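Trainee: Starting off with a structure, shown below.
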Protein chains: 2
Amino acid sequence: MATGTQTAEIAALVGDPTRANILMALADGRALTATELAFLARITPQTASGHLAKLVDGRLLSVAQQGRHRYFRLASPLVSAMLESINAMAAIEGPPRHRPRSATDDAVRHARYCYDHLAGWLGVALADALVARGHVEFGEDGGVVTPSGTEFLTAFGLDLARRTRRAFCRPCIDWSERRPHIAGAVGAALASRCFELGWITRIRDTRAVTITAKGRAGLRDTFGIDLAQR
Amino acid sequence: MATGTQTAEIAALVGDPTRANILMALADGRALTATELAFLARITPQTASGHLAKLVDGRLLSVAQQGRHRYFRLASPLVSAMLESINAMAAIEGPPRHRPRSATDDAVRHARYCYDHLAGWLGVALADALVARGHVEFGEDGGVVTPSGTEFLTAFGLDLARRTRRAFCRPCIDWSERRPHIAGAVGAALASRCFELGWITRIRDTRAVTITAKGRAGLRDTFGIDLAQR
DNA sequence: CGAACGCTTCGGCCGCGGCCGAAATGTCTC
DNA sequence: GAGACATTTCGGCCGCGGCCGAAGCGTTCG
């Protein structure tokens with residue numbers, strides 16, 4: 001069964017800690033330069049160059065030349081989905097171990113984009129709120145929006161009727177919270193609606209987002225989320 | 001960002017060709033002994049033992065002792081989902097390369113179980129038939145059953161109304177055909193209905209299935225699938 | 001109770017691959 | 001055109017980890 005070989009080739013690309021860090025840094029869909037990625041992964045540029053070449057060769061990353069910079073990004077949402085599913089395994093792997101606290105990571109842990117939907121504490125809180133009210137139900141590999149949920153989300157301004165070929169509503173395990181949040185078409189619509197309402201703004205050059213005063217009020221009134229909790 | 005390390009640990013487990021072969025051999029949910037897996041992966045039992053210990057330690061496999069045998073299986077459907085998503089990347093990786101033909105693999109390539117739904121040529125043909133008739137639509141990370149599809153599948157005997165927390169209908173890239181077939185709740189229901197109708201039977205100790213004479217007729221009449229094509 | 005069997009542990013060999021320093025290539029700026 | 005900067009290539013070091021032979025442990029069966 002030669003198929004395992006090809007599987008292993010892809011997995012081995014992710015299986016190096018340095019490359020995994022690079023991929024995770026790109027997990028929100030941004031495009032970064034080789035030097036930026038080298039800095040994030042704490043390696044020299046020449047080492048990063050080698051890793052990036054491998055990732056591009058393996059079709060995990062795509063690259064766009066812009067002047068003397070080369071911008072790397074995930075090659076497709078499939079890569080993002082793959083990373084998610086691997087992280088889902090990593091999240092349940094063993095008892096929670098040594099989790100180093102880094103001041104710079106706090107904003108990211110609080111609220112951030114995960115490709116096109118919200119993650120971090122905020123993403124999990126949103127999911128919890130919807131699950132608690134019976135608007136959404138999660139299983140291991142899928143989720144459903146209940147009739148009451150459809151009503152609620154439509155009232156919130158989401159267009160759920162539009163036929164989409166994406167997974168409609170699925171759980172995505174959060175790496176910082178180790179709990180599921182809402183991905184798929186519903187997750188993306190939710191995020192862009194929050195953005196549209198001015199509840200959140202994206203922090204420049206980061207995947208992190210800040211919650212505005214308006215967002216604070218809206219999250220409390222609409223979803224019952226109390227930001228003072230964190 | 002220490003998170004990449006954990007991601008890499010999981011991915012590295014899959015990133016070894018031998019371990020990947022072991023995992024793929026278990027992809028249909030069967031439980032196999034260490035010796036059987038050693039034979040399938042073409043390694044000595046002691047080498048297999050080492051790999052299996054790593055996979056169990058990494059929570060990818062679970063093990064059940066039974067007399068002097070130890071049966072290994074995938075620890076959860078999450079593992080299956082992860083392997084699928086990695087295979088999806090492997091399938092689009094580069095131009096089709098050297099694909100060795102093995103006589104023993106032919107049955108498996110023709111029709112087999114992929115955890116709980118049908119894959120191989122048959123799985124892809126079913127998906128194609130449903131897509132061609134507008135009963136199902138596929139995107140990159142999700143699929144939908146159209147109204148006509150709901151009607152059609154219900155008439156076929158599937159209970160689609162039952163609320164399920166699983167992903168309803170999603171594409172799963174086939175490793176032998178390199179094309180998507182139907183996974184998720186719909187895929188599982190479709191497979192078990194075919195089994196129930198006596199259209200397919202499982203080949204003992206294999207993930208492969210054979211199509212019965214009744215199945216041949218049914219697939220032609222109901223889905224327009226001509227088995228003479230292959 | 002002894003032999004066969006399934007599986008694991010130990011010890012040692014060996015090769016792959018990650019890492020960096022130095023240097024080359026290409027691009028932009030002044 | 002010189003100098004700064006982004007990125008890659010090359011060469012060499014070094015350690016991790018896969019592999020197997022031999023041996024050990026527990027279970028089963030005659």
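Each chain of the structure tokens is named A, B, ... in the order shown, its residues numbered from 1; ligands are numbered from 1 in display order.
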I'd like the neighbourhood of range 213-221 of chain B as a count of residues only, where a residue qualifies if any of its atoms comes within 9 Å (using only C-alpha atoms (C1' of nucleotides)), though same-chain residues fewer than 3 positions away should be ignored.
Mentor: 10
Trainee: With 12 Å as the limit and counting only C-alpha atoms (C1' of nucleotides), what residues in chain C lie close to chain A? Please list them as a PDB file with C-alpha atoms (C1' of nucleotides), in the first residue's frame.
Mentor:
ATOM      1  C1'  DG C  17      17.644  16.049   7.856  1.00  0.00           C
ATOM      2  C1'  DG C  18      17.764  20.397  10.660  1.00  0.00           C
ATOM      3  C1'  DC C  19      20.865  24.002  11.828  1.00  0.00           C
ATOM      4  C1'  DC C  20      24.116  27.708  11.051  1.00  0.00           C
ATOM      5  C1'  DG C  21      28.252  30.509   8.912  1.00  0.00           C
ATOM      6  C1'  DA C  22      29.879  32.141   4.740  1.00  0.00           C
ATOM      7  C1'  DT C  25      22.277  36.351  -6.383  1.00  0.00           C
ATOM      8  C1'  DG C  26      18.892  39.611  -7.116  1.00  0.00           C
ATOM      9  C1'  DT C  27      16.370  44.010  -6.039  1.00  0.00           C
ATOM     10  C1'  DC C  28      15.648  48.512  -4.443  1.00  0.00           C
TER      11       DC C  28
END
Trainee: Between A:Phe168, A:Phe223, A:Phe39, A:Phe195, which residue has the minimum interatomic distance to chain B, considering only C-alpha atoms?
Mentor: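 Going through A:Phe168, A:Phe223, A:Phe39, A:Phe195 one by one, the smallest distance to chain B is for A:Phe168.
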Trainee: How far is it from C1' of DA6 in chain D to CA of Ala11 in chain A, in Å with one decimal?
Mentor: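 Atom-to-atom, C1' of DA6 in chain D to CA of Ala11 in chain A, that is 29.2 Å.
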Trainee: Could you pull out the residues in range 186-224 of chain B that DSSP calls strand (DSSP E or B) from the backbone, as a list of chain:residue names?
Mentor: B:Ile200, B:Thr201, B:Arg202, B:Ala208, B:Val209, B:Thr210, B:Ile211
Trainee: Save out the residues we just selected, C-alpha atoms, as a PDB file, in the first residue's frame.
Mentor:
ATOM      1  CA  ILE B 200     -22.698  -4.960  -1.208  1.00  0.00           C
ATOM      2  CA  THR B 201     -21.050  -7.404   1.155  1.00  0.00           C
ATOM      3  CA  ARG B 202     -17.952  -6.921   3.181  1.00  0.00           C
ATOM      4  CA  ALA B 208     -12.882  -4.074   0.606  1.00  0.00           C
ATOM      5  CA  VAL B 209     -16.470  -4.804  -0.365  1.00  0.00           C
ATOM      6  CA  THR B 210     -17.899  -6.783  -3.262  1.00  0.00           C
ATOM      7  CA  ILE B 211     -20.882  -5.699  -5.268  1.00  0.00           C
TER       8      ILE B 211
END
Trainee: Give me the chain D side of the contact with chain A, cut-off 12 Å, one line per residue showing its nearest atom pair and distance in Å at one decimal, counting only C-alpha atoms (C1' of nucleotides), sorted by chain and residue number, as JSON lines.
Mentor:
{"residue": "D:DC5", "atom": "C1'", "partner": "A:Arg68", "partner_atom": "CA", "distance": 8.5}
{"residue": "D:DA6", "atom": "C1'", "partner": "A:Arg68", "partner_atom": "CA", "distance": 5.8}
{"residue": "D:DT7", "atom": "C1'", "partner": "A:Ser49", "partner_atom": "CA", "distance": 7.3}
{"residue": "D:DT8", "atom": "C1'", "partner": "A:Ser49", "partner_atom": "CA", "distance": 7.1}
{"residue": "D:DT9", "atom": "C1'", "partner": "A:Gln46", "partner_atom": "CA", "distance": 9.2}
{"residue": "D:DC10", "atom": "C1'", "partner": "A:Gln46", "partner_atom": "CA", "distance": 11.2}
Trainee: Hey, what's within 12 Å of DC29 in chain D if we count only C-alpha atoms (C1' of nucleotides) and toss same-chain stuff fewer than 4 positions away? As an mmCIF file with C-alpha atoms (C1' of nucleotides), in the first residue's frame, please?
Mentor:
data_model
loop_
_atom_site.group_PDB
_atom_site.id
_atom_site.type_symbol
_atom_site.label_atom_id
_atom_site.label_comp_id
_atom_site.auth_asym_id
_atom_site.auth_seq_id
_atom_site.Cartn_x
_atom_site.Cartn_y
_atom_site.Cartn_z
ATOM 1 C "C1'" DC C 1 5.044 -28.650 32.344
ATOM 2 C "C1'" DG C 2 7.291 -27.595 28.167
ATOM 3 C "C1'" DA C 3 6.959 -25.736 23.653
ATOM 4 C "C1'" DA C 4 4.987 -22.472 20.541
ATOM 5 C "C1'" DC C 5 3.400 -17.973 20.011
#
Trainee: Excluding same-chain residues fewer than 6 positions from Leu23 in chain A, what lies within 12 Å of it counting only C-alpha atoms (C1' of nucleotides), as a ChimeraX atom specification?
Mentor: /A:13-17,29-32,37-38,40-41,48,51-52,55-56,60-62,72-75,79-84,86-87,115 /B:1,3-5,7-8
Trainee: Kindly export the residues of the current selection with C-alpha atoms, as a PDB file, in the first residue's frame.
Mentor:
ATOM      1  CA  LEU A  13       6.143  18.658   6.375  1.00  0.00           C
ATOM      2  CA  VAL A  14       3.948  19.620   9.313  1.00  0.00           C
ATOM      3  CA  GLY A  15       5.827  17.275  11.617  1.00  0.00           C
ATOM      4  CA  ASP A  16       8.822  19.522  12.091  1.00  0.00           C
ATOM      5  CA  PRO A  17       8.307  21.965  14.983  1.00  0.00           C
ATOM      6  CA  GLY A  29      -4.652  33.453   5.973  1.00  0.00           C
ATOM      7  CA  ARG A  30      -2.214  36.341   6.084  1.00  0.00           C
ATOM      8  CA  ALA A  31       0.764  36.520   3.765  1.00  0.00           C
ATOM      9  CA  LEU A  32       4.143  37.045   5.416  1.00  0.00           C
ATOM     10  CA  LEU A  37       8.539  34.085   9.369  1.00  0.00           C
ATOM     11  CA  ALA A  38      12.162  33.462  10.306  1.00  0.00           C
ATOM     12  CA  LEU A  40       8.524  34.366  14.352  1.00  0.00           C
ATOM     13  CA  ALA A  41       9.984  30.875  14.265  1.00  0.00           C
ATOM     14  CA  ALA A  48      13.612  29.523   7.068  1.00  0.00           C
ATOM     15  CA  HIS A  51      11.757  25.177   5.182  1.00  0.00           C
ATOM     16  CA  LEU A  52       9.675  27.501   3.038  1.00  0.00           C
ATOM     17  CA  LEU A  55       6.481  23.771   2.101  1.00  0.00           C
ATOM     18  CA  VAL A  56       5.967  25.387  -1.277  1.00  0.00           C
ATOM     19  CA  LEU A  60       1.168  23.640   1.438  1.00  0.00           C
ATOM     20  CA  LEU A  61       2.210  27.222   0.800  1.00  0.00           C
ATOM     21  CA  SER A  62       1.961  29.478  -2.191  1.00  0.00           C
ATOM     22  CA  PHE A  72       4.112  33.249   1.673  1.00  0.00           C
ATOM     23  CA  ARG A  73       0.570  32.181   2.499  1.00  0.00           C
ATOM     24  CA  LEU A  74      -1.358  28.951   2.930  1.00  0.00           C
ATOM     25  CA  ALA A  75      -1.968  27.477  -0.490  1.00  0.00           C
ATOM     26  CA  VAL A  79      -4.380  23.456   4.286  1.00  0.00           C
ATOM     27  CA  SER A  80      -6.155  25.408   6.964  1.00  0.00           C
ATOM     28  CA  ALA A  81      -8.623  22.563   7.419  1.00  0.00           C
ATOM     29  CA  MET A  82      -5.785  20.071   7.685  1.00  0.00           C
ATOM     30  CA  LEU A  83      -4.017  22.125  10.343  1.00  0.00           C
ATOM     31  CA  GLU A  84      -7.266  22.427  12.263  1.00  0.00           C
ATOM     32  CA  ILE A  86      -4.245  18.053  13.448  1.00  0.00           C
ATOM     33  CA  ASN A  87      -4.628  20.657  16.158  1.00  0.00           C
ATOM     34  CA  TYR A 115      -8.725  31.954   8.760  1.00  0.00           C
TER      35      TYR A 115
ATOM     36  CA  MET B   1       4.119  30.493  20.140  1.00  0.00           C
ATOM     37  CA  THR B   3       1.564  25.749  19.964  1.00  0.00           C
ATOM     38  CA  GLY B   4       3.359  24.651  16.852  1.00  0.00           C
ATOM     39  CA  THR B   5       5.323  22.169  18.902  1.00  0.00           C
ATOM     40  CA  THR B   7       0.933  20.347  16.309  1.00  0.00           C
ATOM     41  CA  ALA B   8       4.264  19.018  15.101  1.00  0.00           C
TER      42      ALA B   8
END
Trainee: Record the distance separating CA of Ile182 in chain A and CA of Arg59 in chain A, expressed in Å with one decimal.
Mentor: 26.9 Å
Trainee: Using DSSP secondary structure from the backbone, list all alpha helix (DSSP H) positions within range 4-224 of chain A, as a PyMOL selection string.
Mentor: chain A and resi 4-14+17-25+34-40+45-57+77-92+106-110+120-132+147-156+184-196+213-218
